[in-house]
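Visitor: So that you have it, the file is query33.cif, and it contains mmCIF, C-alpha atoms and all ligand atoms:
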data_data
loop_
_atom_site.label_atom_id
_atom_site.label_comp_id
_atom_site.auth_asym_id
_atom_site.auth_seq_id
_atom_site.Cartn_x
_atom_site.Cartn_y
_atom_site.Cartn_z
CA MET A 25 -12.05 -2.76 -120.39
CA ASN A 26 -15.32 -2.99 -118.63
CA ALA A 27 -17.53 -4.63 -116.13
CA PHE A 28 -21.23 -4.99 -116.12
CA VAL A 29 -22.23 -7.86 -113.90
CA TYR A 30 -20.09 -7.98 -110.82
CA ASP A 31 -17.45 -6.24 -108.89
CA ARG A 32 -18.12 -2.54 -108.79
CA THR A 33 -15.04 -1.00 -107.20
CA SER A 34 -16.07 0.68 -104.01
CA PRO A 35 -14.87 4.23 -103.46
CA ASP A 36 -14.13 3.04 -99.93
CA GLN A 37 -11.69 0.31 -100.94
CA PRO A 38 -8.29 0.58 -99.24
CA LEU A 39 -5.29 1.84 -101.12
CA SER A 40 -3.53 -0.93 -102.95
CA ALA A 41 -0.25 -2.34 -101.79
CA ALA A 42 1.64 -0.98 -104.77
CA HIS A 43 1.50 2.51 -103.31
CA ASP A 44 4.52 1.54 -101.35
CA MET A 45 6.41 0.83 -104.55
CA THR A 46 7.99 4.26 -104.91
CA PRO A 47 11.66 4.21 -104.03
CA PRO A 48 12.67 7.27 -102.05
CA ALA A 49 15.21 8.75 -104.44
CA ILE A 50 13.22 9.78 -107.49
CA PRO A 51 12.99 13.06 -109.34
CA LEU A 52 9.89 14.94 -108.24
CA LEU A 53 8.34 16.51 -111.30
CA PRO A 54 5.50 18.99 -111.30
CA THR A 55 2.17 17.44 -112.17
CA VAL A 56 -1.31 18.84 -112.55
CA ASN A 57 -2.62 17.18 -109.44
CA ALA A 58 0.47 17.42 -107.26
CA PHE A 59 -1.61 19.06 -104.58
CA LYS A 60 -4.22 16.31 -104.69
CA ARG A 61 -1.57 13.66 -104.35
CA GLU A 62 -0.14 15.26 -101.26
CA ASP A 63 -3.63 15.63 -99.89
CA ILE A 64 -4.36 11.96 -100.42
CA MET A 65 -1.04 10.88 -98.97
CA SER A 66 -1.69 12.80 -95.78
CA THR A 67 -5.17 11.41 -95.22
CA SER A 68 -4.96 7.83 -96.43
CA SER A 69 -4.59 4.88 -94.14
CA PRO A 70 -1.29 2.98 -94.05
CA THR A 71 -0.83 0.56 -96.90
CA ASN A 72 0.50 -2.98 -96.90
CA ALA A 73 4.04 -3.68 -97.96
CA ILE A 74 4.50 -5.49 -101.25
CA PRO A 75 4.92 -9.07 -100.18
CA GLY A 76 7.79 -11.14 -101.43
CA PRO A 77 8.81 -14.72 -100.68
CA GLY A 78 9.61 -13.65 -97.13
CA ALA A 79 6.33 -11.82 -96.65
CA SER A 80 5.26 -13.95 -93.73
CA SER A 81 8.25 -12.74 -91.73
CA SER A 82 7.41 -9.09 -92.43
CA PRO A 83 10.43 -8.03 -94.49
CA SER A 84 11.57 -4.43 -94.34
CA SER A 85 10.72 -2.17 -97.24
CA GLU A 86 14.37 -2.48 -98.33
CA ASP A 87 14.06 -6.27 -98.43
CA VAL A 88 10.85 -5.98 -100.40
CA GLU A 89 12.45 -3.70 -102.94
CA THR A 90 15.45 -6.04 -103.27
CA ILE A 91 13.17 -9.02 -103.83
CA ARG A 92 11.23 -7.09 -106.43
CA LYS A 93 14.38 -6.00 -108.21
CA ASN A 94 15.73 -9.54 -108.27
CA ARG A 95 12.49 -10.76 -109.76
CA VAL A 96 12.63 -8.14 -112.49
CA LEU A 97 16.31 -8.74 -113.26
CA SER A 98 15.92 -12.53 -113.42
CA SER A 99 12.76 -12.42 -115.54
CA LYS A 100 12.84 -14.10 -118.95
CA LEU A 101 10.14 -11.83 -120.38
CA TYR A 102 12.68 -9.44 -121.92
CA PHE A 103 14.52 -11.21 -124.72
CA ASP A 104 16.36 -10.09 -127.84
CA ILE A 105 14.19 -9.61 -130.87
CA PRO A 106 15.71 -9.81 -134.37
CA ILE A 107 15.38 -6.72 -136.55
CA THR A 108 13.46 -8.86 -139.03
CA ASN A 109 10.54 -8.88 -136.61
CA ALA A 110 8.10 -5.97 -136.58
CA PRO A 111 7.34 -4.33 -133.24
CA VAL A 112 4.02 -6.16 -133.21
CA ILE A 113 3.49 -8.62 -130.37
CA TYR A 114 0.85 -11.33 -130.45
CA SER A 115 0.33 -15.01 -129.75
CA SER A 116 -2.48 -17.24 -130.92
CA SER A 117 -2.84 -18.23 -127.29
CA TYR A 118 -4.17 -14.72 -126.51
CA ASP A 119 -7.57 -15.70 -127.81
CA ILE A 120 -10.01 -17.12 -125.31
CA ALA A 121 -12.57 -19.56 -126.66
CA PHE A 122 -13.81 -22.81 -125.21
CA PHE A 123 -17.10 -24.62 -124.81
CA GLY A 124 -18.87 -21.56 -126.22
CA LEU A 125 -18.50 -19.79 -122.88
CA GLU A 126 -17.00 -16.80 -124.64
CA LYS A 127 -20.45 -16.15 -126.08
CA LEU A 128 -21.72 -15.38 -122.59
CA HIS A 129 -19.70 -12.17 -122.44
CA PRO A 130 -20.17 -9.16 -124.74
CA PHE A 131 -16.41 -9.15 -125.27
CA ASP A 132 -15.17 -10.39 -128.64
CA SER A 133 -12.60 -12.70 -127.13
CA SER A 134 -11.00 -13.49 -130.48
CA LYS A 135 -10.49 -9.81 -131.32
CA TRP A 136 -6.74 -10.02 -130.94
CA GLY A 137 -6.24 -12.74 -133.55
CA ARG A 138 -8.65 -11.07 -135.96
CA ILE A 139 -6.64 -7.81 -135.86
CA CYS A 140 -3.56 -9.72 -137.06
CA GLN A 141 -5.57 -11.60 -139.66
CA PHE A 142 -6.79 -8.32 -141.17
CA LEU A 143 -3.25 -6.90 -141.25
CA ILE A 144 -1.86 -10.06 -142.88
CA LYS A 145 -4.72 -10.28 -145.38
CA ASP A 146 -4.18 -6.65 -146.38
CA GLY A 147 -0.47 -7.29 -146.92
CA ILE A 148 0.48 -4.87 -144.14
CA LEU A 149 2.17 -7.49 -142.00
CA GLN A 150 3.64 -10.95 -142.49
CA GLN A 151 2.96 -13.72 -140.00
CA SER A 152 6.71 -14.28 -139.60
CA GLN A 153 7.23 -10.67 -138.48
CA ILE A 154 5.03 -11.04 -135.40
CA VAL A 155 6.78 -11.35 -132.04
CA GLU A 156 5.55 -14.15 -129.78
CA PRO A 157 5.87 -13.22 -126.09
CA LEU A 158 6.50 -15.53 -123.15
CA GLU A 159 3.95 -16.23 -120.46
CA ALA A 160 4.34 -14.06 -117.34
CA SER A 161 5.41 -16.39 -114.52
CA ASN A 162 4.28 -16.20 -110.93
CA ASP A 163 7.53 -14.47 -110.04
CA ASP A 164 6.95 -11.94 -112.81
CA LEU A 165 3.44 -11.23 -111.55
CA LEU A 166 4.68 -10.82 -107.97
CA VAL A 167 6.69 -7.81 -109.09
CA VAL A 168 3.43 -5.88 -108.66
CA HIS A 169 0.77 -8.26 -107.39
CA THR A 170 0.36 -9.41 -103.81
CA GLU A 171 0.69 -13.11 -103.04
CA SER A 172 -2.78 -13.11 -101.52
CA TYR A 173 -4.30 -11.72 -104.71
CA LEU A 174 -2.58 -14.30 -106.91
CA SER A 175 -3.67 -17.03 -104.49
CA SER A 176 -7.26 -15.84 -104.78
CA LEU A 177 -7.10 -16.67 -108.49
CA THR A 178 -6.92 -20.37 -107.64
CA SER A 179 -10.64 -20.05 -106.96
CA SER A 180 -12.65 -20.48 -110.15
CA SER A 181 -15.41 -18.48 -108.50
CA ASN A 182 -13.13 -15.47 -108.01
CA VAL A 183 -11.91 -15.63 -111.59
CA SER A 184 -15.50 -15.87 -112.84
CA LYS A 185 -16.37 -12.68 -110.98
CA ILE A 186 -13.38 -10.79 -112.37
CA ILE A 187 -14.05 -11.80 -115.98
CA GLU A 188 -17.82 -11.66 -115.55
CA VAL A 189 -18.61 -15.11 -116.91
CA PRO A 190 -20.57 -16.83 -114.12
CA PRO A 191 -20.36 -20.42 -115.52
CA ILE A 192 -16.56 -20.30 -115.13
CA ALA A 193 -17.18 -20.68 -111.39
CA LEU A 194 -18.35 -24.26 -112.00
CA LEU A 195 -15.17 -25.37 -113.78
CA PRO A 196 -12.16 -27.02 -112.09
CA HIS A 197 -9.29 -24.68 -111.51
CA TRP A 198 -6.87 -26.53 -113.81
CA LEU A 199 -9.21 -25.81 -116.70
CA VAL A 200 -9.61 -22.15 -115.75
CA ARG A 201 -5.85 -21.90 -115.45
CA GLN A 202 -5.33 -23.38 -118.89
CA LYS A 203 -8.14 -21.67 -120.79
CA VAL A 204 -8.44 -18.29 -119.09
CA LEU A 205 -5.45 -17.41 -116.93
CA TYR A 206 -2.83 -18.70 -119.37
CA PRO A 207 -4.04 -16.48 -122.26
CA PHE A 208 -4.05 -13.48 -119.95
CA ARG A 209 -0.55 -14.29 -118.69
CA LYS A 210 0.68 -14.42 -122.28
CA GLN A 211 -0.87 -11.02 -122.91
CA VAL A 212 0.83 -9.67 -119.79
CA GLY A 213 4.14 -11.01 -121.09
CA GLY A 214 3.41 -9.15 -124.33
CA THR A 215 2.71 -5.84 -122.62
CA ILE A 216 5.89 -6.07 -120.55
CA LEU A 217 8.00 -6.94 -123.60
CA ALA A 218 6.41 -4.09 -125.59
CA ALA A 219 8.23 -1.47 -123.51
CA LYS A 220 11.63 -2.99 -124.38
CA LEU A 221 10.71 -3.18 -128.05
CA ALA A 222 9.34 0.38 -128.03
CA LYS A 223 12.58 1.68 -126.59
CA GLU A 224 14.53 -0.09 -129.35
CA ARG A 225 12.23 0.74 -132.25
CA GLY A 226 10.42 3.91 -131.15
CA TRP A 227 7.08 2.19 -130.85
CA ALA A 228 5.51 -1.22 -130.26
CA ILE A 229 2.02 -2.61 -130.12
CA ASN A 230 0.87 -5.50 -127.98
CA VAL A 231 -2.17 -6.78 -129.87
CA GLY A 232 -3.84 -7.41 -126.54
CA GLY A 233 -3.38 -6.29 -122.94
CA GLY A 234 -4.53 -3.01 -121.47
CA PHE A 235 -6.15 -4.53 -118.39
CA HIS A 236 -6.51 -1.19 -116.72
CA HIS A 237 -9.05 -2.11 -114.03
CA CYS A 238 -6.68 -4.47 -112.23
CA CYS A 239 -4.28 -3.22 -109.56
CA ALA A 240 -1.84 -4.98 -107.24
CA ASP A 241 -4.42 -6.58 -105.01
CA LYS A 242 -7.71 -6.46 -106.90
CA GLY A 243 -9.03 -7.50 -110.30
CA GLY A 244 -12.27 -6.53 -111.97
CA GLY A 245 -13.93 -5.55 -115.23
CA PHE A 246 -12.41 -8.44 -117.24
CA CYS A 247 -8.96 -7.50 -115.97
CA VAL A 248 -7.19 -10.29 -114.08
CA TYR A 249 -3.62 -9.00 -114.11
CA ALA A 250 -2.22 -5.46 -113.88
CA ASP A 251 -0.20 -5.56 -117.10
CA ILE A 252 0.23 -1.79 -117.32
CA SER A 253 1.66 -1.54 -113.80
CA LEU A 254 3.94 -4.49 -114.52
CA CYS A 255 5.12 -3.04 -117.83
CA ILE A 256 6.04 0.26 -116.21
CA THR A 257 7.73 -1.30 -113.18
CA PHE A 258 9.87 -3.49 -115.46
CA ALA A 259 10.73 -0.43 -117.59
CA PHE A 260 11.86 1.50 -114.52
CA MET A 261 14.20 -1.28 -113.47
CA ARG A 262 15.54 -2.55 -116.78
CA LEU A 263 15.24 0.19 -119.38
CA ASP A 264 16.84 3.15 -117.63
CA ILE A 265 13.52 4.95 -117.74
CA SER A 266 12.40 7.16 -114.89
CA ARG A 267 9.32 8.98 -116.19
CA VAL A 268 6.30 7.37 -117.85
CA MET A 269 3.11 8.89 -119.21
CA ILE A 270 -0.02 6.74 -119.35
CA ILE A 271 -2.47 7.98 -121.98
CA ASP A 272 -5.63 6.01 -121.24
CA LEU A 273 -8.23 6.56 -123.95
CA ASP A 274 -10.36 3.48 -123.30
CA ALA A 275 -13.94 4.59 -122.58
CA HIS A 276 -13.64 3.38 -119.00
CA GLN A 277 -11.61 5.00 -116.25
CA GLY A 278 -8.28 3.20 -115.72
CA ASN A 279 -8.62 2.77 -112.00
CA GLY A 280 -6.13 -0.12 -111.75
CA HIS A 281 -2.96 1.72 -112.78
CA GLU A 282 -4.26 4.83 -111.05
CA MET A 283 -4.40 3.00 -107.73
CA ASP A 284 -0.98 1.46 -108.32
CA PHE A 285 0.81 4.70 -109.27
CA GLY A 286 -1.33 7.26 -107.49
CA LYS A 287 1.50 8.49 -105.32
CA ASP A 288 4.32 7.82 -107.76
CA ARG A 289 5.51 11.08 -109.28
CA ARG A 290 7.40 9.18 -111.96
CA VAL A 291 4.07 8.37 -113.61
CA TYR A 292 1.76 10.95 -115.21
CA THR A 293 -1.74 9.82 -116.11
CA LEU A 294 -3.94 11.38 -118.75
CA ASP A 295 -7.29 9.58 -118.58
CA MET A 296 -10.17 10.46 -120.93
CA TYR A 297 -13.15 8.44 -119.79
CA ASN A 298 -16.91 8.37 -119.57
CA PRO A 299 -17.78 9.18 -115.94
CA ASP A 300 -21.28 7.72 -116.38
CA ILE A 301 -20.10 4.11 -116.67
CA TYR A 302 -18.06 1.57 -114.66
CA PRO A 303 -15.95 1.68 -112.51
CA PHE A 304 -17.11 4.81 -110.62
CA ASP A 305 -13.85 4.64 -108.66
CA PHE A 306 -13.73 8.05 -107.06
CA LYS A 307 -10.68 7.31 -104.95
CA ALA A 308 -8.69 6.37 -108.07
CA ARG A 309 -10.05 9.42 -109.92
CA ALA A 310 -8.34 11.67 -107.39
CA TYR A 311 -5.00 10.20 -108.49
CA ILE A 312 -5.41 11.11 -112.18
CA ASP A 313 -3.04 13.87 -113.20
CA GLN A 314 -5.23 15.06 -116.04
CA SER A 315 -8.81 13.84 -115.92
CA VAL A 316 -10.88 14.52 -119.04
CA LYS A 317 -14.49 13.45 -118.76
CA VAL A 318 -16.35 12.55 -121.94
CA LYS A 319 -19.98 11.97 -121.12
CA SER A 320 -22.29 9.44 -122.79
CA GLY A 321 -23.18 10.50 -126.33
CA THR A 322 -20.00 12.53 -126.96
CA SER A 323 -19.51 12.96 -130.72
CA THR A 324 -16.32 12.43 -132.75
CA ASN A 325 -15.58 16.14 -133.18
CA VAL A 326 -16.06 16.99 -129.53
CA TYR A 327 -13.97 13.97 -128.50
CA LEU A 328 -11.06 14.84 -130.78
CA LYS A 329 -11.05 18.51 -129.76
CA LYS A 330 -10.86 17.49 -126.11
CA LEU A 331 -8.01 15.13 -126.95
CA ASP A 332 -6.07 17.88 -128.75
CA LYS A 333 -6.31 20.10 -125.70
CA ALA A 334 -5.48 17.26 -123.30
CA LEU A 335 -2.34 16.29 -125.23
CA GLU A 336 -1.23 19.90 -125.33
CA VAL A 337 -1.57 20.18 -121.55
CA ALA A 338 0.13 16.81 -120.97
CA GLY A 339 3.05 17.84 -123.16
CA ILE A 340 3.55 20.99 -121.10
CA CYS A 341 3.17 19.32 -117.70
CA PHE A 342 5.34 16.26 -118.07
CA LYS A 343 8.35 15.10 -120.08
CA PRO A 344 8.12 11.30 -120.25
CA GLU A 345 10.73 8.84 -121.43
CA LEU A 346 8.05 6.27 -122.32
CA ILE A 347 4.35 6.53 -123.18
CA VAL A 348 1.92 3.69 -122.48
CA TYR A 349 -1.11 4.26 -124.69
CA ASN A 350 -4.21 2.33 -123.65
CA ALA A 351 -6.16 2.44 -126.91
CA GLY A 352 -9.51 0.88 -126.09
CA THR A 353 -11.99 0.94 -128.95
CA ASP A 354 -15.07 0.95 -126.74
CA ILE A 355 -15.35 4.67 -127.56
CA LEU A 356 -16.89 3.54 -130.87
CA ASP A 357 -20.42 4.60 -131.68
CA GLY A 358 -22.67 1.63 -130.95
CA ASP A 359 -20.53 0.07 -128.25
CA PRO A 360 -23.03 -1.14 -125.65
CA LEU A 361 -20.73 -0.38 -122.72
CA GLY A 362 -18.71 2.69 -123.68
CA GLU A 363 -21.78 4.78 -124.61
CA LEU A 364 -19.75 7.26 -126.67
CA LYS A 365 -20.35 8.11 -130.32
CA VAL A 366 -16.92 8.17 -131.94
CA SER A 367 -16.76 6.97 -135.56
CA PRO A 368 -14.22 4.44 -136.92
CA ASP A 369 -12.42 7.33 -138.66
CA GLY A 370 -12.46 9.13 -135.32
CA VAL A 371 -10.64 6.22 -133.71
CA ALA A 372 -8.00 6.37 -136.46
CA SER A 373 -7.64 10.13 -135.90
CA ARG A 374 -7.34 9.57 -132.17
CA ASP A 375 -4.56 7.01 -132.60
CA GLU A 376 -2.85 9.27 -135.13
CA LYS A 377 -2.85 12.19 -132.67
CA VAL A 378 -1.27 10.09 -129.93
CA PHE A 379 1.38 8.60 -132.23
CA ARG A 380 2.18 12.06 -133.62
CA PHE A 381 2.45 13.44 -130.09
CA ALA A 382 5.00 10.74 -129.23
CA LYS A 383 6.92 10.91 -132.49
CA GLU A 384 7.30 14.71 -132.46
CA LYS A 385 8.81 14.47 -129.00
CA ASN A 386 10.83 11.35 -129.85
CA ILE A 387 9.28 9.36 -126.99
CA PRO A 388 8.97 5.56 -127.27
CA LEU A 389 5.32 4.52 -127.34
CA VAL A 390 3.65 1.26 -126.26
CA MET A 391 0.14 0.73 -127.63
CA LEU A 392 -2.28 -1.71 -125.98
CA THR A 393 -5.64 -2.62 -127.50
CA SER A 394 -7.58 -2.82 -124.21
CA GLY A 395 -11.40 -2.67 -124.34
CA GLY A 396 -13.62 -2.73 -127.41
CA TYR A 397 -16.50 -5.08 -127.40
CA MET A 398 -18.03 -5.16 -130.85
CA LYS A 399 -17.15 -7.50 -133.67
CA SER A 400 -16.20 -4.41 -135.70
CA SER A 401 -13.46 -3.41 -133.26
CA ALA A 402 -10.78 -5.66 -134.78
CA LYS A 403 -11.23 -4.16 -138.25
CA VAL A 404 -11.25 -0.62 -136.84
CA ILE A 405 -7.93 -1.27 -135.08
CA ALA A 406 -6.37 -2.85 -138.19
CA ASP A 407 -7.56 0.12 -140.30
CA SER A 408 -6.15 2.54 -137.78
CA LEU A 409 -2.74 0.84 -137.91
CA THR A 410 -2.89 1.04 -141.70
CA ASN A 411 -3.60 4.76 -141.38
CA LEU A 412 -0.57 5.16 -139.09
CA LEU A 413 1.50 3.40 -141.71
CA ASN A 414 0.18 5.62 -144.51
CA LYS A 415 0.95 8.71 -142.44
CA GLU A 416 4.49 7.38 -141.88
CA LEU A 417 4.03 7.36 -138.12
CA ILE A 418 4.94 3.67 -138.01
CA ASP A 419 6.95 1.38 -140.24
CA LEU A 420 6.30 -2.35 -140.59
CA ALA A 421 8.72 -3.10 -143.42
CA THR A 422 11.32 -5.78 -142.84
CA PRO A 423 14.75 -4.31 -143.60
CA PRO A 424 16.77 -6.11 -146.28
CA LEU A 425 19.27 -8.69 -145.04
CA GLY A 426 22.61 -7.22 -144.11
CA THR A 427 21.26 -3.92 -142.83
ZN ZN B 501 -13.25 -0.09 -121.49
#
Represent the supplied structure as structure tokens.

Guide:
Amino acid sequence: MNAFVYDRTSPDQPLSAAHDMTPPAIPLLPTVNAFKREDIMSTSSPTNAIPGPGASSSPSSEDVETIRKNRVLSSKLYFDIPITNAPVIYSSSYDIAFFGLEKLHPFDSSKWGRICQFLIKDGILQQSQIVEPLEASNDDLLVVHTESYLSSLTSSSNVSKIIEVPPIALLPHWLVRQKVLYPFRKQVGGTILAAKLAKERGWAINVGGGFHHCCADKGGGFCVYADISLCITFAFMRLDISRVMIIDLDAHQGNGHEMDFGKDRRVYTLDMYNPDIYPFDFKARAYIDQSVKVKSGTSTNVYLKKLDKALEVAGICFKPELIVYNAGTDILDGDPLGELKVSPDGVASRDEKVFRFAKEKNIPLVMLTSGGYMKSSAKVIADSLTNLLNKELIDLATPPLGT
């Protein structure tokens, strides 16, 4: 994901509320930046408690955790999915297009639908196999987000700044809710569901999501909701998972989930990003377990060699029970925001390396499409999925009835 007009995250911003999410009794695993985490914890200012319905009466941290758990357990976002469906999640309501406003942003806001169209046209996937997620409700979003942040989204002006489309500020909120926030909430529902599906099938892709610049109390860079943080928090509470690796290979630094899980030893973050572009979030950078900088102009070969090494290190440092792979395609050569020079075949090789890494270790993998701003991105993603299929790293076939 990106930003280029507004909302540069200040290195001085306070720690997000979700830093208080970590329950006390968790296994402490060695991580590359364990020292840095301790260092940050000892010097940072106190954080706010996650607010729940009783936030105004200052609930104890135990109350807050109970409220959060109840929200997760009562959520409708996890539902049973027939084996005849593929682990591919998408809804036509993901795509954002109205009044031509989408043309004001360099983001191809119909990318998600076009990925599916390519897969269907090529005979890789049938429409009926696609899983339609539910919309994340307010209660679902409050599992990670603060009430004050969600309230701030009732201002069209605030939403316009986060998604970097200034004319949105002039529209009534009901229209912004319907045309902008609703599609994002559906994508969030998809990312959360993807973890359940990945655990059942070994892998799952949400053909959307990956809003890695948004944390509990702050959006930015086209990211309104913290779907990655939500997905992982749901997985902790409902999937009997206690260790998650985020592999963030979008061109931009994933400062949202880094702020949310910076002190949480259950989450290991490998982030390969261009340090010369947004968000320049130095505070969040200190939370990355393995930070791999790929400067503007990095070629395909150099990129893939760095990835090989990074995956090797990650595999030694951390043994996850779930991988969340943020597979932004803004690393593509020609992307006006990513500024890297990775070829379409390089993107396919990148995805193949990550899927192979997960499959060899038998770790469920969630893939999110995240950033990628050119019209060519959708085809590159569809081709990459086809490559994964050809390499037998994924399977999209519907099993015969009775199996
Ligand atoms: Zn990006």

Visitor: Take CA of Lys307 (chain A) and CA of Gly280 (chain A) and report the distance between them in Å, one decimal.

Guide: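 Here the two named atoms are 11.1 Å from each other.
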
Visitor: Which residue, A:Ser394, A:Ser401, A:Thr178, A:Thr293, has the smallest gap to ligand ZN 501 (chain B) when you use only C-alpha atoms and all ligand atoms?

Guide: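 Result for the nearest residue to ligand ZN 501 (chain B): A:Ser394.
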
Visitor: Find the residue from A:Ile120, A:Ala110, A:Ala402, A:Val168 that sits nearest to Gln150 (chain A); use all atoms listed in the file when measuring.

Guide: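 Nearest candidate to Gln150 (chain A) out of A:Ile120, A:Ala110, A:Ala402, A:Val168: A:Ala110.
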
Visitor: Considering all atoms listed in the file, return as number ranges by chain whatever protein or nucleic-acid residues lie within 7 Å of Ser115 (chain A), sequence-local ones (same chain, fewer than 2 positions apart) excluded.

Guide: A: 117-118, 156-157

Visitor: Give me the chain A side of the contact with ligand ZN 501 (chain B), cut-off 10 Å, one line per residue showing its nearest atom pair and distance in Å at one decimal, counting all atoms listed in the file, sorted by chain and residue number, as CSV.

Guide:
residue,atom,partner,partner_atom,distance
A:Met25,CA,B:ZN501,ZN,3.1
A:Asn26,CA,B:ZN501,ZN,4.6
A:Ala27,CA,B:ZN501,ZN,8.2
A:Gly234,CA,B:ZN501,ZN,9.2
A:Phe235,CA,B:ZN501,ZN,8.9
A:His236,CA,B:ZN501,ZN,8.3
A:His237,CA,B:ZN501,ZN,8.8
A:Gly245,CA,B:ZN501,ZN,8.3
A:Phe246,CA,B:ZN501,ZN,9.4
A:Asp272,CA,B:ZN501,ZN,9.8
A:Leu273,CA,B:ZN501,ZN,8.7
A:Asp274,CA,B:ZN501,ZN,4.9
A:Ala275,CA,B:ZN501,ZN,4.9
A:His276,CA,B:ZN501,ZN,4.3
A:Gln277,CA,B:ZN501,ZN,7.5
A:Gly278,CA,B:ZN501,ZN,8.3
A:Tyr297,CA,B:ZN501,ZN,8.7
A:Asn298,CA,B:ZN501,ZN,9.4
A:Ile301,CA,B:ZN501,ZN,9.4
A:Tyr302,CA,B:ZN501,ZN,8.5
A:Pro303,CA,B:ZN501,ZN,9.5
A:Asn350,CA,B:ZN501,ZN,9.6
A:Ala351,CA,B:ZN501,ZN,9.3
A:Gly352,CA,B:ZN501,ZN,6.0
A:Thr353,CA,B:ZN501,ZN,7.6
A:Asp354,CA,B:ZN501,ZN,5.7
A:Ile355,CA,B:ZN501,ZN,8.0
A:Asp359,CA,B:ZN501,ZN,9.9
A:Leu361,CA,B:ZN501,ZN,7.6
A:Gly362,CA,B:ZN501,ZN,6.5
A:Ser394,CA,B:ZN501,ZN,6.9
A:Gly395,CA,B:ZN501,ZN,4.3
A:Gly396,CA,B:ZN501,ZN,6.5
A:Tyr397,CA,B:ZN501,ZN,8.4

Visitor: Could you check the closest approach to Ile271 (chain A) for each of A:Pro344, A:Pro196, A:Pro207, A:Gly244 and tell me which residue wins, using all atoms listed in the file?

Guide: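 Of A:Pro344, A:Pro196, A:Pro207, A:Gly244, the one nearest Ile271 (chain A) is A:Pro344, counting all atoms listed in the file.
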
Visitor: Looking at only C-alpha atoms, which of A:Val378, A:Leu254, A:Leu221, A:Cys140 is the one that sits closest to Pro106 (chain A)?

Guide: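 Nearest to Pro106 (chain A): A:Leu221.
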
Visitor: Between CA of Pro111 (chain A) and CA of Thr393 (chain A), measure the distance and give it in Å to one decimal.

Guide: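 Those two atoms sit 14.3 Å apart.
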
Visitor: Might you pull out every residue within 6 Å of Ala308 (chain A), with only C-alpha atoms counted and same-chain residues fewer than 3 positions away left off, and present them as JSON, numbers by chain?

Guide: {"A": [279, 282, 283, 305, 311]}

Visitor: Please measure the separation of CA of Asp300 (chain A) and CA of Asp119 (chain A), giving the value in Å to one decimal.

Guide: 29.4 Å

Visitor: Which residues, written as a list of chain:residue names, have at least one atom at most 7 Å from region 313-323 of chain A, with only C-alpha atoms counted and residues fewer than 4 positions away on the same chain left out?

Guide: A:Thr55, A:Val56, A:Asn57, A:Tyr292, A:Thr293, A:Leu294, A:Asp295, A:Met296, A:Tyr297, A:Asn298, A:Pro299, A:Asp300, A:Tyr327, A:Glu363, A:Leu364, A:Lys365, A:Val366

Visitor: Find the residues near Leu217 (chain A): any atom within 8 Å, counting all atoms listed in the file, skip ones fewer than 3 places away on the same chain, and give them as a PyMOL selection string.

Guide: chain A and resi 101-103+157+213-214+220-221+255

Visitor: Mind writing the picked residues with C-alpha atoms as an mmCIF file, keeping the file's coordinate frame?

Guide:
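Ended up saving to selection-v6.cif:
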data_model
loop_
_atom_site.group_PDB
_atom_site.id
_atom_site.type_symbol
_atom_site.label_atom_id
_atom_site.label_comp_id
_atom_site.auth_asym_id
_atom_site.auth_seq_id
_atom_site.Cartn_x
_atom_site.Cartn_y
_atom_site.Cartn_z
ATOM 1 C CA LEU A 101 10.140 -11.830 -120.380
ATOM 2 C CA TYR A 102 12.680 -9.440 -121.920
ATOM 3 C CA PHE A 103 14.520 -11.210 -124.720
ATOM 4 C CA PRO A 157 5.870 -13.220 -126.090
ATOM 5 C CA GLY A 213 4.140 -11.010 -121.090
ATOM 6 C CA GLY A 214 3.410 -9.150 -124.330
ATOM 7 C CA LYS A 220 11.630 -2.990 -124.380
ATOM 8 C CA LEU A 221 10.710 -3.180 -128.050
ATOM 9 C CA CYS A 255 5.120 -3.040 -117.830
#

Visitor: At most 9 Å from (0.7, -12.5, -120.9), file frame, all atoms listed in the file: which residues, as a compact mmCIF listing (two decimals) with C-alpha atoms, in the coordinates of the input?

Guide:
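Output (out-v7.txt):
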# COMPACT_ATOMS: atom_id res chain seq x y z
CA TYR A 118 -4.17 -14.72 -126.51
CA PRO A 157 5.87 -13.22 -126.09
CA LEU A 158 6.50 -15.53 -123.15
CA GLU A 159 3.95 -16.23 -120.46
CA ALA A 160 4.34 -14.06 -117.34
CA SER A 161 5.41 -16.39 -114.52
CA LEU A 205 -5.45 -17.41 -116.93
CA TYR A 206 -2.83 -18.70 -119.37
CA PRO A 207 -4.04 -16.48 -122.26
CA PHE A 208 -4.05 -13.48 -119.95
CA ARG A 209 -0.55 -14.29 -118.69
CA LYS A 210 0.68 -14.42 -122.28
CA GLN A 211 -0.87 -11.02 -122.91
CA VAL A 212 0.83 -9.67 -119.79
CA GLY A 213 4.14 -11.01 -121.09
CA GLY A 214 3.41 -9.15 -124.33
CA THR A 215 2.71 -5.84 -122.62
CA ILE A 216 5.89 -6.07 -120.55
CA GLY A 232 -3.84 -7.41 -126.54
CA GLY A 233 -3.38 -6.29 -122.94
CA TYR A 249 -3.62 -9.00 -114.11
CA ASP A 251 -0.20 -5.56 -117.10

Visitor: Measuring atom to atom with all atoms listed in the file, identify which of A:Lys385, A:Phe306, A:Ser175, A:Val291 is nearest to Ile340 (chain A).

Guide: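 Of all the options, A:Lys385 lies closest to Ile340 (chain A).
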
Visitor: Can you tell me which residues surround His169 (chain A) at a distance of at most 6 Å, considering all atoms listed in the file, apart from same-chain residues fewer than 2 positions away, and format the answer as number ranges by chain?

Guide: A: 165-166, 240-241

Visitor: Can you work out which one of A:Asp264, A:Asp164, A:Asp146, A:Glu188 has the shortest atom-to-atom distance to Ala250 (chain A), counting all atoms listed in the file?

Guide: A:Asp164
